[in-house]
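Listing of data02.cif; format and content: mmCIF, C-alpha atoms.
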data_final
#
loop_
_atom_site.label_atom_id
_atom_site.label_comp_id
_atom_site.auth_asym_id
_atom_site.auth_seq_id
_atom_site.Cartn_x
_atom_site.Cartn_y
_atom_site.Cartn_z
CA MET A 566 0.00 0.00 0.00
CA ILE A 567 1.32 3.42 -0.97
CA ARG A 568 0.57 6.16 1.55
CA SER A 569 0.67 9.91 1.56
CA SER A 570 -0.65 12.33 4.16
CA VAL A 571 -4.17 12.58 2.69
CA ILE A 572 -4.50 9.79 0.11
CA LYS A 573 -3.77 6.08 0.37
CA PHE A 574 -3.59 3.89 -2.73
CA ASP A 575 -3.53 0.09 -2.61
CA GLY A 576 -3.75 -0.65 -6.36
CA LYS A 577 -7.54 -1.17 -6.47
CA GLN A 578 -8.95 1.77 -4.57
CA ILE A 579 -8.05 5.21 -3.32
CA ILE A 580 -8.84 6.06 0.27
CA THR A 581 -9.23 9.78 0.92
CA THR A 582 -10.11 11.58 4.12
CA ARG A 583 -12.81 13.57 2.35
CA PHE A 584 -14.60 10.96 0.17
CA GLY A 585 -13.64 7.65 1.80
CA ALA A 586 -12.79 4.58 -0.30
CA ILE A 587 -13.18 5.10 -4.06
CA PRO A 588 -12.78 2.12 -6.42
CA VAL A 589 -10.60 3.03 -9.40
CA ILE A 590 -9.66 1.66 -12.79
CA VAL A 591 -5.86 1.74 -12.95
CA HIS A 592 -4.76 2.22 -16.54
CA ARG A 593 -1.04 2.12 -15.72
CA PRO A 594 0.48 0.48 -12.61
CA ILE A 595 2.87 2.50 -10.47
CA PRO A 596 6.39 1.10 -11.01
CA ASP A 597 8.52 -0.13 -8.12
CA GLY A 598 10.77 2.51 -6.61
CA PHE A 599 8.46 5.40 -7.47
CA VAL A 600 6.98 7.50 -4.66
CA ILE A 601 3.66 9.36 -4.92
CA LYS A 602 4.29 13.04 -4.23
CA THR A 603 0.84 14.51 -4.97
CA ALA A 604 -2.54 13.32 -6.16
CA THR A 605 -5.01 15.48 -8.05
CA ILE A 606 -8.67 14.53 -8.40
CA THR A 607 -10.43 16.26 -11.31
CA LYS A 608 -13.99 16.05 -12.59
CA LYS A 609 -14.40 15.89 -16.35
CA ALA A 610 -17.50 15.50 -18.51
CA ASP A 611 -17.20 11.71 -18.51
CA GLY A 612 -16.24 11.11 -14.88
CA TYR A 613 -13.60 11.68 -12.22
CA TYR A 614 -9.86 11.24 -12.79
CA VAL A 615 -6.97 10.91 -10.38
CA SER A 616 -3.51 12.02 -11.49
CA PHE A 617 -0.49 11.06 -9.43
CA SER A 618 2.74 13.02 -9.48
CA LEU A 619 5.54 10.51 -8.96
CA GLU A 620 9.17 10.85 -7.97
CA ASP A 621 11.97 8.60 -9.13
CA LYS A 622 15.66 8.88 -8.33
CA SER A 623 16.79 7.24 -11.59
CA VAL A 624 15.68 10.08 -13.90
CA PRO A 625 18.67 11.16 -16.04
CA SER A 626 20.02 14.68 -15.81
CA LEU A 627 20.05 17.22 -18.64
CA ILE A 628 22.58 17.03 -21.46
CA SER A 629 25.31 19.65 -21.25
CA THR A 630 25.54 22.18 -24.08
CA GLU A 631 28.84 20.70 -25.29
CA ASN A 632 27.19 17.33 -25.97
CA ILE A 633 24.30 18.64 -28.11
CA LYS A 634 24.57 17.17 -31.60
CA THR A 635 21.27 18.20 -33.21
CA ALA A 636 19.24 21.35 -32.54
CA ILE A 637 16.15 22.85 -34.12
CA GLY A 638 14.18 26.11 -33.89
CA ILE A 639 10.39 26.12 -34.13
CA ASP A 640 8.01 28.89 -35.17
CA VAL A 641 4.32 28.36 -34.37
CA GLY A 642 1.73 29.77 -36.76
CA LEU A 643 -1.94 29.68 -37.80
CA LYS A 644 -1.62 28.48 -41.40
CA GLU A 645 0.90 25.82 -40.42
CA PHE A 646 1.03 24.25 -36.96
CA LEU A 647 4.78 24.67 -36.85
CA THR A 648 7.64 25.55 -39.14
CA THR A 649 11.19 24.49 -38.35
CA ASN A 650 14.33 26.44 -39.13
CA THR A 651 15.06 23.85 -41.83
CA GLY A 652 11.79 24.72 -43.63
CA GLU A 653 9.88 21.59 -42.63
CA THR A 654 6.20 22.27 -41.82
CA VAL A 655 3.44 20.43 -39.96
CA SER A 656 -0.10 21.30 -41.03
CA VAL A 657 -2.93 22.20 -38.62
CA PRO A 658 -5.52 19.39 -38.21
CA LYS A 659 -8.34 21.89 -37.32
CA PHE A 660 -10.26 19.59 -34.98
CA TYR A 661 -12.57 22.36 -33.73
CA ARG A 662 -13.45 23.61 -37.21
CA LYS A 663 -14.37 20.07 -38.29
CA SER A 664 -16.63 19.57 -35.26
CA GLN A 665 -18.26 23.00 -35.44
CA SER A 666 -21.48 21.94 -37.21
CA ASN A 667 -21.96 19.01 -34.80
CA LEU A 668 -21.40 21.35 -31.85
CA ALA A 669 -23.86 23.93 -33.23
CA ARG A 670 -26.53 21.26 -33.66
CA LYS A 671 -26.08 20.06 -30.06
CA GLN A 672 -26.14 23.62 -28.73
CA LYS A 673 -29.38 24.28 -30.62
CA LYS A 674 -30.90 21.22 -28.95
CA VAL A 675 -29.89 22.56 -25.53
CA SER A 676 -31.49 25.92 -26.23
CA ARG A 677 -34.86 24.20 -26.78
CA LYS A 678 -34.78 22.48 -23.38
CA GLU A 679 -36.13 23.94 -20.15
CA ILE A 680 -33.17 25.22 -18.14
CA GLY A 681 -32.46 23.02 -15.12
CA SER A 682 -34.46 20.01 -16.32
CA ASN A 683 -32.96 16.54 -16.61
CA ASN A 684 -33.14 16.67 -20.42
CA TRP A 685 -31.24 19.99 -20.33
CA ARG A 686 -28.52 18.42 -18.12
CA VAL A 687 -28.18 15.46 -20.50
CA ALA A 688 -27.88 17.78 -23.50
CA GLN A 689 -25.34 19.97 -21.65
CA ASN A 690 -23.29 16.86 -20.87
CA ARG A 691 -23.29 15.92 -24.57
CA ILE A 692 -21.83 19.34 -25.42
CA ALA A 693 -19.24 19.01 -22.65
CA ARG A 694 -18.24 15.56 -23.93
CA LEU A 695 -17.83 16.90 -27.47
CA HIS A 696 -15.62 19.73 -26.20
CA GLN A 697 -13.64 17.16 -24.22
CA HIS A 698 -13.26 14.98 -27.33
CA ILE A 699 -11.94 17.95 -29.34
CA ALA A 700 -9.50 18.85 -26.56
CA ARG A 701 -8.25 15.26 -26.36
CA GLN A 702 -7.76 15.09 -30.15
CA ARG A 703 -5.75 18.31 -30.02
CA GLU A 704 -3.71 17.11 -27.03
CA ASP A 705 -2.96 13.77 -28.71
CA PHE A 706 -1.77 15.55 -31.86
CA HIS A 707 0.48 17.83 -29.77
CA TYR A 708 2.00 14.90 -27.85
CA LYS A 709 2.67 12.92 -31.02
CA THR A 710 4.28 15.91 -32.73
CA ALA A 711 6.39 16.70 -29.66
CA HIS A 712 7.43 13.05 -29.31
CA LYS A 713 8.58 12.97 -32.93
CA LEU A 714 10.68 16.12 -32.41
CA VAL A 715 12.15 14.95 -29.10
CA LYS A 716 13.22 11.63 -30.64
CA GLU A 717 15.00 13.43 -33.51
CA TYR A 718 16.69 16.40 -31.81
CA ASP A 719 18.77 16.98 -28.68
CA MET A 720 17.74 20.63 -28.27
CA ILE A 721 14.51 22.34 -29.35
CA ALA A 722 14.11 26.14 -29.26
CA VAL A 723 10.52 27.41 -29.21
CA GLU A 724 9.18 30.96 -29.17
CA ASN A 725 7.30 32.05 -26.06
CA LEU A 726 3.77 33.18 -26.99
CA ASN A 727 0.97 34.70 -24.94
CA ILE A 728 -1.92 32.64 -26.35
CA ARG A 729 -4.63 34.35 -24.29
CA GLY A 730 -3.40 37.76 -25.37
CA LEU A 731 -3.38 36.71 -29.02
CA ALA A 732 -6.86 35.19 -28.73
CA LYS A 733 -8.35 38.56 -27.73
CA ASN A 734 -8.33 39.35 -31.45
CA THR A 735 -11.92 38.29 -32.20
CA LYS A 736 -11.22 37.54 -35.87
CA LEU A 737 -8.40 35.09 -35.13
CA SER A 738 -9.39 33.67 -31.74
CA LYS A 739 -11.08 30.52 -33.08
CA SER A 740 -8.06 29.70 -35.24
CA ILE A 741 -5.63 30.44 -32.40
CA TYR A 742 -7.46 28.16 -29.99
CA ASP A 743 -7.72 25.46 -32.68
CA VAL A 744 -3.92 25.42 -32.97
CA GLY A 745 -3.19 25.92 -29.27
CA LYS A 746 -3.68 23.51 -26.45
#
Would you kindly transcribe this structure into structure tokens?
Amino acid sequence: MIRSSVIKFDGKQIITTRFGAIPVIVHRPIPDGFVIKTATITKKADGYYVSFSLEDKSVPSLISTENIKTAIGIDVGLKEFLTTNTGETVSVPKFYRKSQSNLARKQKKVSRKEIGSNNWRVAQNRIARLHQHIARQREDFHYKTAHKLVKEYDMIAVENLNIRGLAKNTKLSKSIYDVGK
């Protein structure tokens, strides 16, 4: 049994001081030698999730600048997801734009329901699940792109952008959020 000050985890259930014993579906076992540092319980449209922050002493340290063999610079854009300093581009999948008509149809259904009724809650949950699906598609694309770059290059230089500030432009905000995470 793994213990922390507030949460205990025995592999099948989480025992918290606030909610008691909660049965969980463990999608990845905690490896031996890892210690749980924090646990975060979040509510999403399709249920509750627990995320553990783990600590391991065997994590390798950073590569020194003398040992860097391959480096790349990345520019993020709206027409292309990213452009490298070598000229290679990755196109934007536009998950939100593709789901826009489906989302509008579901939102129209919600507007016809009586606010606060059970049918309204069900329709609201359908919209929330669609937004969650879009966010997960976008996140998966980002992780796969990042993984490809990390496997290829020792150092990656990325520009620092203020996404929320850029999204205040009402004409570009939908495109900015469709590219961003």
Requested in this report: Please evaluate the PyMOL selection byres ((chain A and resi 571-588) around 12) against the structure above and give the resulting residues as a VMD selection string.
Outcome: chain A and resid 566 to 570 589 to 596 600 to 606 613 to 617
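Among the candidates A:Ile637, A:Ala732, A:Ala693, A:Leu668, the one nearest to Glu653 in chain A when counting all atoms listed in the file is A:Ile637.
CA of Val744 in chain A lies 23.9 Å from CA of Asp611 in chain A.
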Query - Residue contacts of Asp719 in chain A (8 Å, all atoms listed in the file) excluding same-chain residues fewer than 6 positions away, as a PyMOL selection string - result: chain A and resi 633-636
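Using all atoms listed in the file, the shortest contact distance between Val624 in chain A and any of A:Gly638, A:Lys609, A:Gly598, A:Ser666 is found at A:Gly598.
You will find CA of Gly652 in chain A at 24.6 Å from CA of Asn632 in chain A.
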Query raised in the report: Could you work out how far CA of Asn667 in chain A lies from CA of Phe646 in chain A, giving the answer in Å with one decimal?
Result: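 Taking CA of Phe646 in chain A and CA of Asn667 in chain A, their separation equals 23.7 Å.
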Query raised in the report: So which one's closest to Asp640 in chain A, A:Leu619, A:Ile699, A:Leu726, A:Leu731? Using all atoms listed in the file, please.
Result: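 Ranked by minimum distance to Asp640 in chain A, first place goes to A:Leu726.
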Query raised in the report: Got a sec: who's within 12 Å of Lys659 in chain A, counting all atoms listed in the file, leaving out chain neighbours fewer than 4 positions off, as an MDAnalysis selection string?
Result: chainID A and resid 643:646 663:665 699:700 702:703 706 739:746
Query raised in the report: A:Asn690, A:Asn727, A:Ser656, A:Ser626: which is nearest Val675 in chain A, counting all atoms listed in the file?
Result: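 Once distances to Val675 in chain A are computed over all atoms listed in the file, the minimum belongs to A:Asn690.
Distance check against Ile692 in chain A using all atoms listed in the file: of A:Ile728, A:Lys673, A:Glu631, A:Lys622, the minimum falls on A:Lys673.
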Query raised in the report: Any chance you could work out the residue set of the PyMOL selection byres ((chain A and resi 688) around 12) here, as a PyMOL selection string?
Result: chain A and resi 610+668+670-687+689-695
Export of prior selection with C-alpha atoms as a CSV table (one decimal), in the coordinates of the input:
chain,number,residue,atom,x,y,z
A,610,ALA,CA,-17.5,15.5,-18.5
A,668,LEU,CA,-21.4,21.4,-31.8
A,670,ARG,CA,-26.5,21.3,-33.7
A,671,LYS,CA,-26.1,20.1,-30.1
A,672,GLN,CA,-26.1,23.6,-28.7
A,673,LYS,CA,-29.4,24.3,-30.6
A,674,LYS,CA,-30.9,21.2,-29.0
A,675,VAL,CA,-29.9,22.6,-25.5
A,676,SER,CA,-31.5,25.9,-26.2
A,677,ARG,CA,-34.9,24.2,-26.8
A,678,LYS,CA,-34.8,22.5,-23.4
A,679,GLU,CA,-36.1,23.9,-20.2
A,680,ILE,CA,-33.2,25.2,-18.1
A,681,GLY,CA,-32.5,23.0,-15.1
A,682,SER,CA,-34.5,20.0,-16.3
A,683,ASN,CA,-33.0,16.5,-16.6
A,684,ASN,CA,-33.1,16.7,-20.4
A,685,TRP,CA,-31.2,20.0,-20.3
A,686,ARG,CA,-28.5,18.4,-18.1
A,687,VAL,CA,-28.2,15.5,-20.5
A,689,GLN,CA,-25.3,20.0,-21.6
A,690,ASN,CA,-23.3,16.9,-20.9
A,691,ARG,CA,-23.3,15.9,-24.6
A,692,ILE,CA,-21.8,19.3,-25.4
A,693,ALA,CA,-19.2,19.0,-22.6
A,694,ARG,CA,-18.2,15.6,-23.9
A,695,LEU,CA,-17.8,16.9,-27.5
